[in-house]
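Have a look at start-v1.cif; it's mmCIF, C-alpha atoms and all ligand atoms:
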data_work
loop_
_atom_site.group_PDB
_atom_site.id
_atom_site.type_symbol
_atom_site.label_atom_id
_atom_site.label_comp_id
_atom_site.auth_asym_id
_atom_site.auth_seq_id
_atom_site.Cartn_x
_atom_site.Cartn_y
_atom_site.Cartn_z
ATOM 1 C CA MET A 518 105.052 150.146 114.737
ATOM 2 C CA ILE A 519 102.746 147.093 114.640
ATOM 3 C CA SER A 520 102.172 147.392 110.912
ATOM 4 C CA GLN A 521 105.940 147.648 110.351
ATOM 5 C CA MET A 522 106.415 144.482 112.436
ATOM 6 C CA LYS A 523 103.812 142.698 110.314
ATOM 7 C CA GLU A 524 105.654 143.708 107.145
ATOM 8 C CA ASP A 525 108.977 142.568 108.628
ATOM 9 C CA LEU A 526 107.486 139.229 109.599
ATOM 10 C CA LYS A 527 106.283 138.781 106.030
ATOM 11 C CA ARG A 528 109.711 139.727 104.700
ATOM 12 C CA ILE A 529 111.265 136.891 106.701
ATOM 13 C CA LYS A 530 108.441 134.616 105.442
ATOM 14 C CA CYS A 531 106.651 134.298 108.797
ATOM 15 C CA TYR A 532 103.251 134.900 107.203
ATOM 16 C CA HIS A 533 101.234 133.153 109.886
ATOM 17 C CA MET A 534 102.824 135.169 112.681
ATOM 18 C CA SER A 535 102.225 138.316 110.685
ATOM 19 C CA SER A 536 98.510 137.708 110.348
ATOM 20 C CA TYR A 537 98.187 136.475 113.949
ATOM 21 C CA LEU A 538 100.027 139.421 115.530
ATOM 22 C CA ASP A 539 96.985 141.672 116.179
ATOM 23 C CA GLU A 540 94.973 138.834 117.707
ATOM 24 C CA CYS A 541 97.905 137.669 119.817
ATOM 25 C CA ILE A 542 98.489 141.186 121.156
ATOM 26 C CA SER A 543 94.864 141.505 122.260
ATOM 27 C CA ILE A 544 94.899 138.005 123.830
ATOM 28 C CA GLY A 545 98.141 138.987 125.549
ATOM 29 C CA LYS A 546 96.454 142.055 127.085
ATOM 30 C CA GLU A 547 93.261 140.193 128.025
ATOM 31 C CA GLN A 548 95.033 137.239 129.627
ATOM 32 C CA ASP A 549 98.059 139.136 130.865
ATOM 33 C CA LEU A 550 100.458 136.805 129.030
ATOM 34 C CA SER A 551 104.152 136.850 129.913
ATOM 35 C CA ASN A 552 106.701 137.532 127.138
ATOM 36 C CA ILE A 553 107.502 133.856 126.970
ATOM 37 C CA GLU A 554 103.822 132.864 126.694
ATOM 38 C CA PHE A 555 103.326 135.496 124.021
ATOM 39 C CA LEU A 556 106.280 134.229 122.012
ATOM 40 C CA ARG A 557 105.101 130.612 122.421
ATOM 41 C CA ARG A 558 101.709 131.497 120.965
ATOM 42 C CA MET A 559 103.263 133.329 118.066
ATOM 43 C CA LEU A 560 105.572 130.401 117.300
ATOM 44 C CA ASP A 561 102.698 127.923 117.588
ATOM 45 C CA SER A 562 100.706 129.914 115.053
ATOM 46 C CA GLU A 563 103.626 129.843 112.585
ATOM 47 C CA ILE A 564 104.439 126.163 113.113
ATOM 48 C CA GLY A 565 100.758 125.140 113.009
ATOM 49 C CA GLY A 566 100.124 127.223 109.884
ATOM 50 C CA ARG A 567 103.163 125.822 108.097
ATOM 51 C CA ASN A 568 102.273 122.240 109.011
ATOM 52 C CA LYS A 569 98.764 122.738 107.663
ATOM 53 C CA HIS A 570 100.085 124.258 104.471
ATOM 54 C CA ASN A 571 102.671 121.481 104.003
ATOM 55 C CA LEU A 572 100.036 118.823 104.587
ATOM 56 C CA SER A 573 97.699 120.224 101.974
ATOM 57 C CA THR A 574 100.577 120.537 99.455
ATOM 58 C CA ASN A 575 101.741 116.982 100.221
ATOM 59 C CA MET A 576 98.174 115.661 99.936
ATOM 60 C CA ARG A 577 97.824 117.241 96.506
ATOM 61 C CA MET A 578 101.174 115.866 95.343
ATOM 62 C CA ALA A 579 100.364 112.371 96.645
ATOM 63 C CA THR A 580 97.513 111.900 94.111
ATOM 64 C CA LEU A 581 95.697 109.320 96.222
ATOM 65 C CA PRO A 582 92.808 107.838 94.205
ATOM 66 C CA CYS A 583 90.469 108.306 97.187
ATOM 67 C CA GLU A 584 90.612 108.570 100.955
ATOM 68 C CA LYS A 585 90.418 105.344 102.918
ATOM 69 C CA ASN A 586 91.423 105.026 106.522
ATOM 70 C CA ILE A 587 92.206 102.233 108.862
ATOM 71 C CA GLU A 588 89.081 102.810 110.982
ATOM 72 C CA GLN A 589 87.011 101.762 107.963
ATOM 73 C CA PHE A 590 88.930 98.482 107.651
ATOM 74 C CA ASP A 591 87.141 95.425 108.995
ATOM 75 C CA PHE A 592 89.757 93.188 110.637
ATOM 76 C CA LYS A 593 87.111 90.582 111.361
ATOM 77 C CA PHE A 594 86.633 90.096 107.644
ATOM 78 C CA GLN A 595 90.350 90.195 106.748
ATOM 79 C CA THR A 596 92.086 88.054 109.332
ATOM 80 C CA SER A 597 95.487 87.613 107.652
ATOM 81 C CA ILE A 598 96.580 90.781 109.430
ATOM 82 C CA THR A 599 95.757 92.184 112.825
ATOM 83 C CA LYS A 600 95.015 95.728 113.935
ATOM 84 C CA LYS A 601 98.072 95.452 116.188
ATOM 85 C CA GLN A 602 100.302 94.640 113.210
ATOM 86 C CA VAL A 603 98.909 97.569 111.237
ATOM 87 C CA ASN A 604 99.299 99.924 114.211
ATOM 88 C CA GLU A 605 102.929 98.823 114.447
ATOM 89 C CA TRP A 606 103.644 99.616 110.819
ATOM 90 C CA MET A 607 101.814 102.945 111.268
ATOM 91 C CA SER A 608 104.700 103.976 113.529
ATOM 92 C CA PHE A 609 106.611 104.255 110.230
ATOM 93 C CA GLU A 610 109.937 103.091 111.564
ATOM 94 C CA TRP A 611 110.171 101.125 108.316
ATOM 95 C CA ILE A 612 110.013 104.368 106.322
ATOM 96 C CA ASP A 613 112.731 105.893 108.516
ATOM 97 C CA ASN A 614 114.788 102.736 107.890
ATOM 98 C CA ARG A 615 114.049 102.811 104.143
ATOM 99 C CA GLN A 616 112.307 99.459 104.124
ATOM 100 C CA ASN A 617 109.421 98.273 101.971
ATOM 101 C CA LEU A 618 105.972 96.845 102.462
ATOM 102 C CA LEU A 619 104.520 94.246 100.086
ATOM 103 C CA LEU A 620 100.821 93.439 100.201
ATOM 104 C CA LEU A 621 99.980 90.313 98.250
ATOM 105 C CA GLY A 622 96.659 88.628 97.633
ATOM 106 C CA ALA A 623 93.729 87.954 95.346
ATOM 107 C CA PRO A 624 91.476 90.781 94.107
ATOM 108 C CA GLY A 625 89.191 92.352 96.691
ATOM 109 C CA VAL A 626 91.042 91.283 99.854
ATOM 110 C CA GLY A 627 91.801 94.909 100.795
ATOM 111 C CA LYS A 628 95.350 95.532 99.482
ATOM 112 C CA THR A 629 94.583 98.923 97.935
ATOM 113 C CA HIS A 630 92.518 99.959 100.958
ATOM 114 C CA LEU A 631 95.454 99.248 103.286
ATOM 115 C CA ALA A 632 97.942 100.917 100.934
ATOM 116 C CA ILE A 633 95.841 104.108 100.784
ATOM 117 C CA ALA A 634 95.192 104.121 104.544
ATOM 118 C CA THR A 635 98.930 103.718 105.219
ATOM 119 C CA ALA A 636 99.804 106.430 102.706
ATOM 120 C CA LEU A 637 97.249 108.785 104.277
ATOM 121 C CA GLU A 638 98.547 108.206 107.780
ATOM 122 C CA ALA A 639 102.136 108.742 106.548
ATOM 123 C CA LEU A 640 101.033 112.075 105.044
ATOM 124 C CA TYR A 641 99.505 113.115 108.385
ATOM 125 C CA ARG A 642 102.832 112.311 110.031
ATOM 126 C CA GLY A 643 104.614 114.652 107.653
ATOM 127 C CA TYR A 644 106.071 112.151 105.162
ATOM 128 C CA LYS A 645 106.009 112.932 101.464
ATOM 129 C CA VAL A 646 104.102 110.267 99.586
ATOM 130 C CA LYS A 647 103.355 109.502 95.939
ATOM 131 C CA PHE A 648 100.668 107.057 94.867
ATOM 132 C CA TYR A 649 100.612 105.361 91.456
ATOM 133 C CA SER A 650 98.715 102.492 90.011
ATOM 134 C CA MET A 651 101.399 100.242 88.499
ATOM 135 C CA ASN A 652 99.925 100.802 85.020
ATOM 136 C CA GLU A 653 100.114 104.585 85.410
ATOM 137 C CA PHE A 654 103.645 104.271 86.704
ATOM 138 C CA VAL A 655 104.847 102.122 83.813
ATOM 139 C CA GLU A 656 103.176 104.465 81.321
ATOM 140 C CA GLU A 657 104.858 107.502 82.876
ATOM 141 C CA MET A 658 108.192 105.688 83.059
ATOM 142 C CA ILE A 659 108.076 104.897 79.329
ATOM 143 C CA ILE A 660 107.037 108.455 78.376
ATOM 144 C CA GLN A 661 109.922 109.890 80.408
ATOM 145 C CA GLU A 662 112.348 107.501 78.727
ATOM 146 C CA VAL A 663 111.082 108.328 75.240
ATOM 147 C CA ASN A 664 111.350 112.062 76.030
ATOM 148 C CA ARG A 665 114.814 111.530 77.492
ATOM 149 C CA THR A 666 113.689 113.095 80.778
ATOM 150 C CA SER A 667 114.036 109.950 82.923
ATOM 151 C CA LYS A 668 116.940 111.244 84.970
ATOM 152 C CA LYS A 669 115.115 114.398 86.016
ATOM 153 C CA TRP A 670 111.916 112.431 86.659
ATOM 154 C CA LEU A 671 113.720 109.900 88.849
ATOM 155 C CA SER A 672 115.432 112.574 90.898
ATOM 156 C CA LYS A 673 112.045 114.254 91.446
ATOM 157 C CA LEU A 674 110.554 110.915 92.549
ATOM 158 C CA MET A 675 113.394 110.388 95.000
ATOM 159 C CA LYS A 676 112.162 113.446 96.928
ATOM 160 C CA PHE A 677 109.216 111.354 98.162
ATOM 161 C CA ASP A 678 109.759 109.327 101.324
ATOM 162 C CA LEU A 679 107.244 106.717 100.241
ATOM 163 C CA ILE A 680 106.084 105.639 96.786
ATOM 164 C CA VAL A 681 103.072 103.356 96.426
ATOM 165 C CA LEU A 682 102.789 101.109 93.388
ATOM 166 C CA ASP A 683 99.330 99.638 93.396
ATOM 167 C CA GLU A 684 98.240 96.554 91.462
ATOM 168 C CA LEU A 685 101.437 95.137 90.074
ATOM 169 C CA GLY A 686 100.507 92.114 88.015
ATOM 170 C CA TYR A 687 97.550 93.063 85.857
ATOM 171 C CA LEU A 688 98.978 94.348 82.560
ATOM 172 C CA PRO A 689 102.364 92.725 81.828
ATOM 173 C CA VAL A 690 105.309 95.076 81.323
ATOM 174 C CA ASP A 691 106.848 94.867 77.865
ATOM 175 C CA SER A 692 110.183 93.126 78.428
ATOM 176 C CA LYS A 693 112.018 95.898 76.593
ATOM 177 C CA TYR A 694 111.041 98.264 79.443
ATOM 178 C CA THR A 695 111.675 95.921 82.368
ATOM 179 C CA HIS A 696 115.213 97.273 82.829
ATOM 180 C CA LEU A 697 113.700 100.753 83.378
ATOM 181 C CA PHE A 698 111.666 99.437 86.281
ATOM 182 C CA PHE A 699 114.747 97.718 87.632
ATOM 183 C CA ARG A 700 116.587 101.052 87.469
ATOM 184 C CA PHE A 701 113.796 102.691 89.488
ATOM 185 C CA VAL A 702 113.765 99.946 92.150
ATOM 186 C CA ASN A 703 117.531 100.132 92.318
ATOM 187 C CA GLU A 704 117.390 103.923 92.874
ATOM 188 C CA CYS A 705 114.954 103.361 95.740
ATOM 189 C CA TYR A 706 116.921 100.500 97.270
ATOM 190 C CA GLU A 707 117.898 101.402 100.860
ATOM 191 C CA TYR A 708 117.184 105.049 100.031
ATOM 192 C CA ARG A 709 113.408 105.364 99.695
ATOM 193 C CA SER A 710 110.460 103.190 100.776
ATOM 194 C CA LEU A 711 107.963 101.436 98.561
ATOM 195 C CA ILE A 712 104.580 99.883 99.125
ATOM 196 C CA VAL A 713 103.815 97.392 96.375
ATOM 197 C CA THR A 714 100.476 95.643 96.126
ATOM 198 C CA SER A 715 100.113 92.659 93.833
ATOM 199 C CA ASN A 716 97.730 89.886 92.943
ATOM 200 C CA LYS A 717 100.716 87.831 91.804
ATOM 201 C CA VAL A 718 102.966 85.823 94.077
ATOM 202 C CA PRO A 719 106.668 86.629 93.548
ATOM 203 C CA SER A 720 107.237 83.341 91.684
ATOM 204 C CA GLN A 721 104.950 84.687 88.905
ATOM 205 C CA TRP A 722 106.756 88.017 88.548
ATOM 206 C CA GLY A 723 109.098 86.631 85.891
ATOM 207 C CA ILE A 724 106.150 86.216 83.519
ATOM 208 C CA TYR A 725 104.796 89.657 84.409
ATOM 209 C CA PHE A 726 108.114 91.363 83.624
ATOM 210 C CA GLY A 727 108.846 89.125 80.648
ATOM 211 C CA ASP A 728 112.405 88.556 81.842
ATOM 212 C CA GLU A 729 113.138 86.094 84.621
ATOM 213 C CA SER A 730 116.598 87.375 85.538
ATOM 214 C CA VAL A 731 115.629 91.070 85.744
ATOM 215 C CA ALA A 732 112.464 90.090 87.660
ATOM 216 C CA MET A 733 114.653 88.224 90.165
ATOM 217 C CA ALA A 734 116.939 91.245 90.543
ATOM 218 C CA ILE A 735 113.881 93.475 91.127
ATOM 219 C CA LEU A 736 112.466 91.051 93.695
ATOM 220 C CA ASP A 737 115.796 90.690 95.429
ATOM 221 C CA ARG A 738 115.925 94.433 96.121
ATOM 222 C CA LEU A 739 112.237 94.779 96.951
ATOM 223 C CA LEU A 740 112.185 91.873 99.356
ATOM 224 C CA HIS A 741 115.402 92.665 101.169
ATOM 225 C CA ARG A 742 114.462 93.990 104.630
ATOM 226 C CA SER A 743 110.806 94.263 103.700
ATOM 227 C CA THR A 744 107.577 93.209 105.350
ATOM 228 C CA VAL A 745 105.499 90.868 103.220
ATOM 229 C CA ILE A 746 101.837 90.445 104.071
ATOM 230 C CA LYS A 747 99.988 87.640 102.328
ATOM 231 C CA MET A 748 96.321 88.548 102.474
ATOM 232 C CA LYS A 749 93.986 85.608 102.185
ATOM 233 C CA GLY A 750 90.239 85.199 102.306
ATOM 234 C CA ASP A 751 87.271 86.222 100.213
ATOM 235 C CA SER A 752 86.800 89.362 98.202
ATOM 236 C CA TYR A 753 85.176 92.177 100.145
ATOM 237 C CA ARG A 754 83.655 93.391 96.893
ATOM 238 C CA LEU A 755 81.865 90.074 96.378
ATOM 239 C CA ARG A 756 80.744 90.084 100.017
ATOM 240 C CA GLU A 757 79.152 93.488 99.506
ATOM 241 C CA LYS A 758 77.538 92.167 96.332
ATOM 242 C CA SER A 759 76.233 89.002 97.962
ATOM 243 C CA GLU A 760 74.916 90.988 100.944
ATOM 244 C CA CYS A 761 73.154 93.229 98.492
ATOM 245 C CA ASN A 762 71.701 90.220 96.641
ATOM 246 C CA THR A 763 70.533 88.654 99.926
ATOM 247 C CA LYS A 764 68.864 91.914 100.925
ATOM 248 C CA GLN A 765 67.230 92.129 97.505
ATOM 249 C CA LYS A 766 66.048 88.509 97.759
ATOM 250 C CA ASN A 767 64.633 89.090 101.235
ATOM 251 C CA GLY A 768 62.987 92.255 99.983
ATOM 252 C CA ASP A 769 61.432 90.328 97.092
ATOM 253 C CA GLN A 770 59.831 87.794 99.379
HETATM 254 P P1 LIG B 1 92.245 94.813 96.419
HETATM 255 O O1 LIG B 1 93.129 95.998 96.211
HETATM 256 O O2 LIG B 1 92.863 93.751 97.268
HETATM 257 O O3 LIG B 1 91.716 94.275 95.127
HETATM 258 P P2 LIG B 1 90.524 96.757 97.638
HETATM 259 O O4 LIG B 1 91.377 97.283 98.726
HETATM 260 O O5 LIG B 1 90.386 97.606 96.424
HETATM 261 O O6 LIG B 1 90.969 95.297 97.232
HETATM 262 O O7 LIG B 1 89.087 96.444 98.248
HETATM 263 C C1 LIG B 1 87.901 96.442 97.453
HETATM 264 C C2 LIG B 1 86.800 97.229 98.182
HETATM 265 O O8 LIG B 1 86.468 96.585 99.394
HETATM 266 C C3 LIG B 1 87.254 98.622 98.569
HETATM 267 O O9 LIG B 1 86.154 99.489 98.493
HETATM 268 C C4 LIG B 1 87.715 98.475 100.005
HETATM 269 O O10 LIG B 1 87.556 99.678 100.729
HETATM 270 C C5 LIG B 1 86.794 97.388 100.515
HETATM 271 N N1 LIG B 1 87.417 96.502 101.504
HETATM 272 C C6 LIG B 1 88.271 95.495 101.242
HETATM 273 N N2 LIG B 1 88.596 94.832 102.365
HETATM 274 C C7 LIG B 1 87.969 95.459 103.361
HETATM 275 C C8 LIG B 1 87.912 95.263 104.786
HETATM 276 N N3 LIG B 1 88.556 94.252 105.375
HETATM 277 N N4 LIG B 1 87.146 96.116 105.521
HETATM 278 C C9 LIG B 1 86.476 97.123 104.916
HETATM 279 N N5 LIG B 1 86.473 97.352 103.590
HETATM 280 C C10 LIG B 1 87.212 96.546 102.816
HETATM 281 MG MG MG B 2 93.590 96.902 94.551
#
Take the structure in this file and express it as structure tokens.
Amino acid sequence: MISQMKEDLKRIKCYHMSSYLDECISIGKEQDLSNIEFLRRMLDSEIGGRNKHNLSTNMRMATLPCEKNIEQFDFKFQTSITKKQVNEWMSFEWIDNRQNLLLLGAPGVGKTHLAIATALEALYRGYKVKFYSMNEFVEEMIIQEVNRTSKKWLSKLMKFDLIVLDELGYLPVDSKYTHLFFRFVNECYEYRSLIVTSNKVPSQWGIYFGDESVAMAILDRLLHRSTVIKMKGDSYRLREKSECNTKQKNGDQ
């Protein structure tokens, strides 16, 4: 009878309950569990197992370049934002409300670190996330257009709750493709959330996109109901380098 139940559980796709059944029965006997307690444990095993499986699938799909978390972020070094502010945006109301987050600032101030840490936390909370460097994104966008698969690609992208575009501003987008990026931002507008990091202030985006009016239309949609964080200060990379040099110097003496 038990083996038949296990097969039936598998048939209705409750794989975790199926493999937990034997153990749960023996715990039930040992601890004299009531029917309700028994059922609770079985459900917990299925829900827990599915959550774990979904998280690992979502993590794989997210293609984060590396794992960075907020505990590793030194708020004493980067004072343009506070831990409290970051904790607030980690409640992800802005994703539920389909709003955006823009992190602006010079190289090394921690934009990518914060974008990855936010993406990671969103994944832990069950959101579907996709991470791109802006260059990768533009490349993929052009390939999809050339292959005439843009529509399918866009509808796949719209399945993510949050899309991160990291480092907008380094390699300019050829103006003949700017309208494609506009189309993407327009698809996301009030429907999906974006995190955009950039070393360029919005007034320079016209040059980056090679077309002032389309750049303005892109900005208009991105900035509407979004949080903009201007990160100031020195580069953390250079700090690490100068600390290293100081240590070396002291070591030399
Ligand atoms: P940006 O994207 O602004 O150019 P990054 O986020 O890539 O900068 O930061 C460069 C390096 O410095 C990364 O390894 C990052 O983890 C680290 N870093 C930047 N700011 C901080 C910070 N405030 N606390 C801890 N590490 C930081
Ligand atoms: Mg960066």
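Near region 730-732 of chain A, within 12 Å and counting only C-alpha atoms, sit A:Pro689, A:Val690, A:Ser692, A:Lys693, A:Tyr694, A:Thr695, A:His696, A:Leu697, A:Phe698, A:Phe699, A:Arg700, A:Val702, A:Asn703, A:Pro719, A:Ser720, A:Gln721, A:Trp722, A:Gly723, A:Ile724, A:Tyr725, A:Phe726, A:Gly727, A:Ile735, A:Leu736, A:Asp737, A:Arg738, A:Leu739, A:Leu740, not including residues fewer than 3 positions from it in the same chain.
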_Selection: 10 Å around Asp751 (chain A), only C-alpha atoms, excl. self and same-chain fewer than 3 positions, as a PyMOL selection string_ = chain A and resi 594-595+623-627+748+754-756
*Which polymer residues have any atom within 8 Å of an atom of region 535-540 of chain A, counting only C-alpha atoms, with same-chain residues fewer than 2 positions away left out, as a PyMOL selection string?*
chain A and resi 522-524+526-527+531-533+542-544+559+562
*What do you get as a ChimeraX atom specification if you pick all residues at most 8 Å from ligand LIG 1 (chain B), counting only C-alpha atoms and all ligand atoms?*
/A:585,589-595,621-632,683-684,714,716,752-754,757
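Computed from the coordinates, the CA of Ser667 (chain A) to CA of Leu581 (chain A) distance equals 22.7 Å.
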*Check what the PyMOL selection byres (((chain A and resi 614) around 12) and not hetatm) selects in the file above and give those residues as a PyMOL selection string.*
chain A and resi 606+608-613+615-618+678-679+706-711+742-743
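The smallest atom-to-atom distance between Gln602 (chain A) and any of A:Ile587, A:Arg528, A:Leu671, A:Leu688, using all atoms listed in the file, is found for A:Ile587.
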*Find, counting only C-alpha atoms and all ligand atoms, the residue in A:Gly545, A:Gly643, A:Gly565, A:Gly686 that gets nearest to ligand MG 2 (chain B).*
A:Gly686
*Please evaluate the PyMOL selection byres (((chain A and resi 680) around 9) and not hetatm) against the displayed coordinates and give the resulting residues as an NGL selection string.*
:A and (579 or 636 or 645-649 or 674-675 or 677-679 or 681-682 or 709-713)
*Work out how far apart CA of Gly750 (chain A) and CA of Glu638 (chain A) are and give it in Å to one decimal.*
25.1 Å
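With CA of Tyr641 (chain A) on one side and CA of Val655 (chain A) on the other, the separation reads 27.4 Å.
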*List the neighbours of Cys541 (chain A) out to 12 Å using only C-alpha atoms; skip same-chain residues closer than 6 positions along the sequence, and give me the result as a PyMOL selection string.*
chain A and resi 519+533-535+547-552+554-562
*asked:* With distances taken over only C-alpha atoms and all ligand atoms, which residue among A:Ile633, A:Glu657, A:Met733, A:Val663 lies nearest ligand MG 2 (chain B)?
replied: A:Ile633
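Between ligand MG 2 (chain B) and the candidates A:Leu640, A:Ser650, A:Phe701, A:Lys669, the tightest atom-to-atom separation, counting only C-alpha atoms and all ligand atoms, involves A:Ser650.
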